[in-house]
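Content type mmCIF, N, CA and C atoms, from the file protein.cif:
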```
data_start
loop_
_atom_site.label_atom_id
_atom_site.label_comp_id
_atom_site.auth_asym_id
_atom_site.auth_seq_id
_atom_site.Cartn_x
_atom_site.Cartn_y
_atom_site.Cartn_z
N MET A 14 -16.36 19.49 -17.54
CA MET A 14 -15.54 18.31 -17.34
C MET A 14 -14.21 18.51 -18.05
N ASP A 15 -13.10 18.42 -17.30
CA ASP A 15 -11.79 18.59 -17.92
C ASP A 15 -10.89 17.37 -17.70
N SER A 16 -11.51 16.22 -17.44
CA SER A 16 -10.74 14.99 -17.25
C SER A 16 -10.25 14.46 -18.59
N VAL A 17 -9.03 13.92 -18.59
CA VAL A 17 -8.43 13.37 -19.80
C VAL A 17 -7.72 12.06 -19.47
N ILE A 18 -7.45 11.31 -20.52
CA ILE A 18 -6.64 10.10 -20.43
C ILE A 18 -5.39 10.34 -21.26
N VAL A 19 -4.25 10.00 -20.69
CA VAL A 19 -2.99 10.09 -21.42
C VAL A 19 -2.51 8.66 -21.66
N LEU A 20 -2.21 8.36 -22.92
CA LEU A 20 -1.68 7.05 -23.28
C LEU A 20 -0.18 7.17 -23.48
N CYS A 21 0.55 6.18 -22.98
CA CYS A 21 2.00 6.16 -23.12
C CYS A 21 2.47 4.72 -23.13
N THR A 22 3.20 4.33 -24.17
CA THR A 22 3.81 3.00 -24.19
C THR A 22 5.24 3.10 -23.69
N ILE A 23 5.73 1.98 -23.15
CA ILE A 23 7.07 1.96 -22.56
C ILE A 23 7.64 0.55 -22.65
N ASP A 24 8.94 0.44 -22.50
CA ASP A 24 9.65 -0.81 -22.77
C ASP A 24 9.48 -1.90 -21.73
N ASN A 25 9.34 -1.56 -20.44
CA ASN A 25 9.22 -2.62 -19.44
C ASN A 25 8.42 -2.16 -18.22
N LYS A 26 8.05 -3.13 -17.40
CA LYS A 26 7.19 -2.86 -16.25
C LYS A 26 7.88 -1.99 -15.21
N GLU A 27 9.17 -2.21 -15.02
CA GLU A 27 9.93 -1.42 -14.04
C GLU A 27 9.88 0.07 -14.40
N ASN A 28 10.12 0.40 -15.65
CA ASN A 28 10.06 1.79 -16.08
C ASN A 28 8.65 2.35 -15.99
N ALA A 29 7.65 1.53 -16.32
CA ALA A 29 6.25 1.97 -16.20
C ALA A 29 5.92 2.29 -14.75
N ARG A 30 6.33 1.44 -13.84
CA ARG A 30 6.07 1.67 -12.42
C ARG A 30 6.79 2.91 -11.91
N LYS A 31 8.01 3.12 -12.38
CA LYS A 31 8.78 4.30 -11.97
C LYS A 31 8.06 5.59 -12.39
N ILE A 32 7.56 5.61 -13.62
CA ILE A 32 6.84 6.79 -14.10
C ILE A 32 5.52 6.94 -13.36
N ALA A 33 4.80 5.84 -13.15
CA ALA A 33 3.52 5.89 -12.43
C ALA A 33 3.72 6.45 -11.03
N GLN A 34 4.73 5.99 -10.34
CA GLN A 34 5.00 6.47 -8.98
C GLN A 34 5.32 7.96 -8.98
N ALA A 35 6.11 8.40 -9.96
CA ALA A 35 6.46 9.82 -10.06
C ALA A 35 5.23 10.67 -10.36
N LEU A 36 4.35 10.19 -11.23
CA LEU A 36 3.13 10.93 -11.55
C LEU A 36 2.25 11.10 -10.31
N LEU A 37 2.15 10.05 -9.51
CA LEU A 37 1.36 10.13 -8.29
C LEU A 37 2.03 11.02 -7.25
N ASN A 38 3.34 10.89 -7.11
CA ASN A 38 4.08 11.73 -6.16
C ASN A 38 3.97 13.21 -6.51
N GLU A 39 3.98 13.52 -7.80
CA GLU A 39 3.87 14.91 -8.25
C GLU A 39 2.41 15.40 -8.25
N LYS A 40 1.49 14.48 -7.95
CA LYS A 40 0.05 14.78 -7.89
C LYS A 40 -0.49 15.34 -9.21
N VAL A 41 0.00 14.76 -10.32
CA VAL A 41 -0.50 15.15 -11.64
C VAL A 41 -1.36 14.05 -12.26
N SER A 42 -1.55 12.95 -11.55
CA SER A 42 -2.42 11.87 -12.01
C SER A 42 -3.09 11.24 -10.80
N SER A 43 -4.33 10.81 -10.99
CA SER A 43 -5.06 10.15 -9.91
C SER A 43 -4.93 8.63 -9.97
N CYS A 44 -4.63 8.10 -11.15
CA CYS A 44 -4.58 6.65 -11.34
C CYS A 44 -3.85 6.32 -12.63
N ILE A 45 -3.03 5.27 -12.59
CA ILE A 45 -2.34 4.81 -13.79
C ILE A 45 -2.55 3.30 -13.90
N ASN A 46 -3.08 2.86 -15.02
CA ASN A 46 -3.17 1.42 -15.30
C ASN A 46 -1.97 1.04 -16.15
N ILE A 47 -1.36 -0.09 -15.84
CA ILE A 47 -0.24 -0.61 -16.62
C ILE A 47 -0.68 -1.92 -17.23
N ILE A 48 -0.76 -1.93 -18.55
CA ILE A 48 -1.23 -3.11 -19.27
C ILE A 48 -0.01 -3.79 -19.92
N PRO A 49 0.26 -5.03 -19.56
CA PRO A 49 1.42 -5.72 -20.13
C PRO A 49 1.15 -6.29 -21.52
N SER A 50 2.23 -6.58 -22.18
CA SER A 50 2.21 -7.34 -23.43
C SER A 50 1.36 -6.71 -24.53
N VAL A 51 1.70 -5.48 -24.87
CA VAL A 51 1.07 -4.81 -26.00
C VAL A 51 2.05 -4.92 -27.16
N GLU A 52 1.61 -5.53 -28.24
CA GLU A 52 2.48 -5.64 -29.41
C GLU A 52 2.36 -4.36 -30.24
N SER A 53 3.48 -3.69 -30.43
CA SER A 53 3.51 -2.45 -31.20
C SER A 53 4.27 -2.68 -32.50
N ILE A 54 3.65 -2.31 -33.59
CA ILE A 54 4.27 -2.43 -34.91
C ILE A 54 4.28 -1.02 -35.50
N TYR A 55 5.47 -0.53 -35.82
CA TYR A 55 5.60 0.87 -36.22
C TYR A 55 6.81 1.06 -37.14
N ILE A 56 6.86 2.22 -37.74
CA ILE A 56 8.00 2.56 -38.61
C ILE A 56 8.97 3.41 -37.81
N TRP A 57 10.23 2.98 -37.78
CA TRP A 57 11.30 3.74 -37.11
C TRP A 57 12.56 3.60 -37.96
N ASP A 58 13.18 4.72 -38.26
CA ASP A 58 14.37 4.74 -39.13
C ASP A 58 14.08 4.05 -40.47
N ASN A 59 12.90 4.31 -41.02
CA ASN A 59 12.47 3.77 -42.31
C ASN A 59 12.38 2.25 -42.35
N LYS A 60 12.21 1.63 -41.19
CA LYS A 60 12.05 0.17 -41.12
C LYS A 60 10.81 -0.15 -40.29
N ILE A 61 10.13 -1.20 -40.68
CA ILE A 61 9.01 -1.69 -39.87
C ILE A 61 9.60 -2.44 -38.69
N THR A 62 9.18 -2.04 -37.50
CA THR A 62 9.72 -2.59 -36.26
C THR A 62 8.58 -3.16 -35.43
N THR A 63 8.85 -4.24 -34.73
CA THR A 63 7.87 -4.84 -33.82
C THR A 63 8.50 -4.94 -32.44
N ASP A 64 7.76 -4.48 -31.44
CA ASP A 64 8.23 -4.55 -30.05
C ASP A 64 7.09 -4.98 -29.15
N ASN A 65 7.44 -5.62 -28.06
CA ASN A 65 6.49 -5.93 -27.01
C ASN A 65 6.64 -4.84 -25.95
N GLU A 66 5.57 -4.11 -25.68
CA GLU A 66 5.64 -2.97 -24.77
C GLU A 66 4.57 -3.07 -23.70
N PHE A 67 4.61 -2.12 -22.78
CA PHE A 67 3.59 -1.94 -21.76
C PHE A 67 2.86 -0.66 -22.10
N LEU A 68 1.55 -0.64 -21.87
CA LEU A 68 0.75 0.55 -22.11
C LEU A 68 0.32 1.14 -20.78
N MET A 69 0.62 2.41 -20.59
CA MET A 69 0.15 3.13 -19.41
C MET A 69 -1.08 3.95 -19.79
N ILE A 70 -2.14 3.78 -19.03
CA ILE A 70 -3.35 4.59 -19.18
C ILE A 70 -3.39 5.49 -17.96
N ILE A 71 -3.17 6.78 -18.20
CA ILE A 71 -2.98 7.74 -17.13
C ILE A 71 -4.21 8.64 -17.05
N LYS A 72 -4.86 8.67 -15.88
CA LYS A 72 -6.02 9.53 -15.69
C LYS A 72 -5.59 10.82 -15.03
N THR A 73 -6.01 11.95 -15.61
CA THR A 73 -5.63 13.25 -15.08
C THR A 73 -6.64 14.30 -15.52
N ARG A 74 -6.28 15.55 -15.32
CA ARG A 74 -7.10 16.67 -15.76
C ARG A 74 -6.30 17.49 -16.76
N LEU A 75 -6.98 18.08 -17.71
CA LEU A 75 -6.31 18.81 -18.78
C LEU A 75 -5.32 19.87 -18.27
N PRO A 76 -5.65 20.64 -17.24
CA PRO A 76 -4.68 21.63 -16.76
C PRO A 76 -3.38 21.02 -16.23
N LEU A 77 -3.39 19.71 -15.93
CA LEU A 77 -2.20 19.04 -15.42
C LEU A 77 -1.43 18.28 -16.50
N PHE A 78 -1.92 18.32 -17.74
CA PHE A 78 -1.28 17.54 -18.81
C PHE A 78 0.19 17.89 -18.99
N ASN A 79 0.55 19.16 -18.97
CA ASN A 79 1.96 19.52 -19.15
C ASN A 79 2.84 18.94 -18.05
N GLY A 80 2.31 18.87 -16.83
CA GLY A 80 3.05 18.23 -15.74
C GLY A 80 3.24 16.75 -15.97
N VAL A 81 2.20 16.08 -16.48
CA VAL A 81 2.30 14.66 -16.84
C VAL A 81 3.36 14.47 -17.91
N LYS A 82 3.28 15.30 -18.95
CA LYS A 82 4.24 15.21 -20.05
C LYS A 82 5.67 15.42 -19.56
N ASP A 83 5.87 16.40 -18.69
CA ASP A 83 7.21 16.68 -18.16
C ASP A 83 7.78 15.50 -17.39
N VAL A 84 6.96 14.86 -16.55
CA VAL A 84 7.41 13.69 -15.79
C VAL A 84 7.79 12.56 -16.74
N ILE A 85 6.93 12.30 -17.72
CA ILE A 85 7.22 11.22 -18.67
C ILE A 85 8.51 11.50 -19.43
N LEU A 86 8.66 12.71 -19.94
CA LEU A 86 9.86 13.04 -20.72
C LEU A 86 11.13 12.96 -19.88
N LYS A 87 11.03 13.25 -18.60
CA LYS A 87 12.20 13.19 -17.71
C LYS A 87 12.65 11.74 -17.47
N LEU A 88 11.68 10.81 -17.40
CA LEU A 88 12.00 9.44 -16.98
C LEU A 88 11.94 8.40 -18.09
N HIS A 89 11.35 8.74 -19.21
CA HIS A 89 11.12 7.75 -20.28
C HIS A 89 12.42 7.46 -21.04
N PRO A 90 12.71 6.19 -21.32
CA PRO A 90 13.95 5.85 -22.00
C PRO A 90 13.94 6.06 -23.52
N TYR A 91 12.77 6.26 -24.13
CA TYR A 91 12.70 6.38 -25.58
C TYR A 91 13.12 7.78 -26.04
N GLU A 92 13.66 7.83 -27.23
CA GLU A 92 14.00 9.10 -27.86
C GLU A 92 12.74 9.92 -28.15
N VAL A 93 11.68 9.22 -28.61
CA VAL A 93 10.41 9.87 -28.92
C VAL A 93 9.28 9.04 -28.29
N PRO A 94 8.98 9.29 -27.01
CA PRO A 94 7.92 8.51 -26.38
C PRO A 94 6.53 8.89 -26.87
N GLU A 95 5.66 7.91 -26.87
CA GLU A 95 4.24 8.16 -27.19
C GLU A 95 3.61 8.84 -25.98
N ILE A 96 3.07 10.03 -26.19
CA ILE A 96 2.34 10.75 -25.16
C ILE A 96 1.12 11.36 -25.85
N LEU A 97 -0.03 10.73 -25.67
CA LEU A 97 -1.26 11.16 -26.34
C LEU A 97 -2.30 11.52 -25.29
N CYS A 98 -2.88 12.69 -25.41
CA CYS A 98 -3.90 13.18 -24.49
C CYS A 98 -5.26 13.09 -25.16
N ILE A 99 -6.19 12.38 -24.51
CA ILE A 99 -7.52 12.14 -25.08
C ILE A 99 -8.57 12.67 -24.11
N ASP A 100 -9.45 13.51 -24.61
CA ASP A 100 -10.55 14.03 -23.78
C ASP A 100 -11.50 12.91 -23.40
N ILE A 101 -11.95 12.94 -22.16
CA ILE A 101 -13.02 12.05 -21.73
C ILE A 101 -14.33 12.79 -21.98
N GLN A 102 -15.11 12.31 -22.91
CA GLN A 102 -16.36 12.95 -23.27
C GLN A 102 -17.48 12.66 -22.28
N ASP A 103 -17.46 11.45 -21.72
CA ASP A 103 -18.50 11.04 -20.81
C ASP A 103 -17.99 9.84 -20.03
N GLY A 104 -18.63 9.54 -18.92
CA GLY A 104 -18.24 8.40 -18.11
C GLY A 104 -19.10 8.35 -16.86
N TYR A 105 -18.84 7.37 -16.04
CA TYR A 105 -19.57 7.22 -14.79
C TYR A 105 -19.29 8.45 -13.94
N GLU A 106 -20.34 9.19 -13.60
CA GLU A 106 -20.21 10.48 -12.92
C GLU A 106 -19.35 10.42 -11.66
N LYS A 107 -19.56 9.41 -10.84
CA LYS A 107 -18.81 9.32 -9.58
C LYS A 107 -17.32 9.10 -9.84
N TYR A 108 -16.98 8.33 -10.88
CA TYR A 108 -15.57 8.11 -11.19
C TYR A 108 -14.93 9.39 -11.72
N ILE A 109 -15.62 10.07 -12.62
CA ILE A 109 -15.10 11.33 -13.17
C ILE A 109 -14.92 12.35 -12.05
N LYS A 110 -15.89 12.42 -11.15
CA LYS A 110 -15.81 13.34 -10.02
C LYS A 110 -14.61 12.99 -9.14
N TRP A 111 -14.35 11.69 -8.95
CA TRP A 111 -13.19 11.27 -8.15
C TRP A 111 -11.90 11.75 -8.80
N ILE A 112 -11.76 11.59 -10.12
CA ILE A 112 -10.56 12.08 -10.81
C ILE A 112 -10.41 13.58 -10.55
N GLU A 113 -11.46 14.31 -10.76
CA GLU A 113 -11.41 15.77 -10.63
C GLU A 113 -11.13 16.19 -9.19
N ASN A 114 -11.77 15.55 -8.22
CA ASN A 114 -11.58 15.93 -6.82
C ASN A 114 -10.22 15.53 -6.26
N SER A 115 -9.66 14.44 -6.79
CA SER A 115 -8.36 13.99 -6.27
C SER A 115 -7.21 14.81 -6.83
N LEU A 116 -7.49 15.59 -7.86
CA LEU A 116 -6.45 16.40 -8.50
C LEU A 116 -6.92 17.85 -8.59
N GLU A 117 -7.03 18.48 -7.47
CA GLU A 117 -7.49 19.85 -7.49
C GLU A 117 -6.46 20.74 -8.16
N VAL A 118 -6.94 21.54 -9.11
CA VAL A 118 -6.06 22.42 -9.87
C VAL A 118 -6.25 23.84 -9.37
#
```
Is it possible to express this structure as structure tokens?
Amino acid sequence: MDSVIVLCTIDNKENARKIAQALLNEKVSSCINIIPSVESIYIWDNKITTDNEFLMIIKTRLPLFNGVKDVILKLHPYEVPEILCIDIQDGYEKYIKWIENSLEV
């Protein structure tokens, strides 16, 4: 099993949709969930900052991660976007198989 989830926060829904569409067009992701209204509290420029962001949950396969990262870096407005790749250890077999089959590497 080489399916992974990539997490990425972004400033607004329009930008999230733009990246999601590009990921699907490039065939490096099978599905992207966009979750609105995620409160992010973080340190930036030595100050505690709070922002309301959108969270993208991107389903893909590990061999395609660099392609996902490239698309995000090309379109993301942040200087340092969050791009985290998490292994899927287990899940509903038919769903995992769908991810893998829809993204043949």
Per-residue DSSP, chain A, filtered to strand (DSSP E or B), as a ChimeraX atom specification: /A:16-23,44-57,60-74,97-100
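In terms of minimum interatomic distance to Ile99 in chain A, A:Leu20 ranks closest within A:Val51, A:Trp57, A:Leu20, A:Glu113, counting only C-alpha atoms.
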Result set, the PyMOL selection byres ((chain A and resi 19) around 7) on current file, as an NGL selection string: :A and (17-18 or 20-21 or 69-73 or 96-99)
Could those selected residues go to a file with N, CA and C atoms, as a PDB file, in the frame of the given file?
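Written output follows (again-v3.pdb):
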```
ATOM      1  N   VAL A  17      -9.030  13.920 -18.590  1.00  0.00           N
ATOM      2  CA  VAL A  17      -8.430  13.370 -19.800  1.00  0.00           C
ATOM      3  C   VAL A  17      -7.720  12.060 -19.470  1.00  0.00           C
ATOM      4  N   ILE A  18      -7.450  11.310 -20.520  1.00  0.00           N
ATOM      5  CA  ILE A  18      -6.640  10.100 -20.430  1.00  0.00           C
ATOM      6  C   ILE A  18      -5.390  10.340 -21.260  1.00  0.00           C
ATOM      7  N   LEU A  20      -2.210   8.360 -22.920  1.00  0.00           N
ATOM      8  CA  LEU A  20      -1.680   7.050 -23.280  1.00  0.00           C
ATOM      9  C   LEU A  20      -0.180   7.170 -23.480  1.00  0.00           C
ATOM     10  N   CYS A  21       0.550   6.180 -22.980  1.00  0.00           N
ATOM     11  CA  CYS A  21       2.000   6.160 -23.120  1.00  0.00           C
ATOM     12  C   CYS A  21       2.470   4.720 -23.130  1.00  0.00           C
ATOM     13  N   MET A  69       0.620   2.410 -20.590  1.00  0.00           N
ATOM     14  CA  MET A  69       0.150   3.130 -19.410  1.00  0.00           C
ATOM     15  C   MET A  69      -1.080   3.950 -19.790  1.00  0.00           C
ATOM     16  N   ILE A  70      -2.140   3.780 -19.030  1.00  0.00           N
ATOM     17  CA  ILE A  70      -3.350   4.590 -19.180  1.00  0.00           C
ATOM     18  C   ILE A  70      -3.390   5.490 -17.960  1.00  0.00           C
ATOM     19  N   ILE A  71      -3.170   6.780 -18.200  1.00  0.00           N
ATOM     20  CA  ILE A  71      -2.980   7.740 -17.130  1.00  0.00           C
ATOM     21  C   ILE A  71      -4.210   8.640 -17.050  1.00  0.00           C
ATOM     22  N   LYS A  72      -4.860   8.670 -15.880  1.00  0.00           N
ATOM     23  CA  LYS A  72      -6.020   9.530 -15.690  1.00  0.00           C
ATOM     24  C   LYS A  72      -5.590  10.820 -15.030  1.00  0.00           C
ATOM     25  N   THR A  73      -6.010  11.950 -15.610  1.00  0.00           N
ATOM     26  CA  THR A  73      -5.630  13.250 -15.080  1.00  0.00           C
ATOM     27  C   THR A  73      -6.640  14.300 -15.520  1.00  0.00           C
ATOM     28  N   ILE A  96       3.070  10.030 -26.190  1.00  0.00           N
ATOM     29  CA  ILE A  96       2.340  10.750 -25.160  1.00  0.00           C
ATOM     30  C   ILE A  96       1.120  11.360 -25.850  1.00  0.00           C
ATOM     31  N   LEU A  97      -0.030  10.730 -25.670  1.00  0.00           N
ATOM     32  CA  LEU A  97      -1.260  11.160 -26.340  1.00  0.00           C
ATOM     33  C   LEU A  97      -2.300  11.520 -25.290  1.00  0.00           C
ATOM     34  N   CYS A  98      -2.880  12.690 -25.410  1.00  0.00           N
ATOM     35  CA  CYS A  98      -3.900  13.180 -24.490  1.00  0.00           C
ATOM     36  C   CYS A  98      -5.260  13.090 -25.160  1.00  0.00           C
ATOM     37  N   ILE A  99      -6.190  12.380 -24.510  1.00  0.00           N
ATOM     38  CA  ILE A  99      -7.520  12.140 -25.080  1.00  0.00           C
ATOM     39  C   ILE A  99      -8.570  12.670 -24.110  1.00  0.00           C
TER      40      ILE A  99
END
```
Length of the atom N of Lys60 in chain A to CA of Val93 in chain A vector [Å]: 14.9 Å
Distance in Å - atom N of Val81 in chain A versus CA of Ala35 in chain A: 9.9 Å
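Here CA of Ile48 in chain A stands at a distance of 5.5 Å from atom C of Phe67 in chain A.
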Explicit residue set for the PyMOL selection byres ((chain A and resi 52) around 5), as a PyMOL selection string: chain A and resi 50-51+53-54+64-66
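Closest to Ser43 in chain A among A:Lys87, A:Ser16, A:Pro94, A:Asn28 is A:Ser16, based on only C-alpha atoms.
Residue nearest Ile112 in chain A, chosen from A:Cys44, A:Leu77, A:Ala33, A:Leu88 and counting only C-alpha atoms: A:Cys44.
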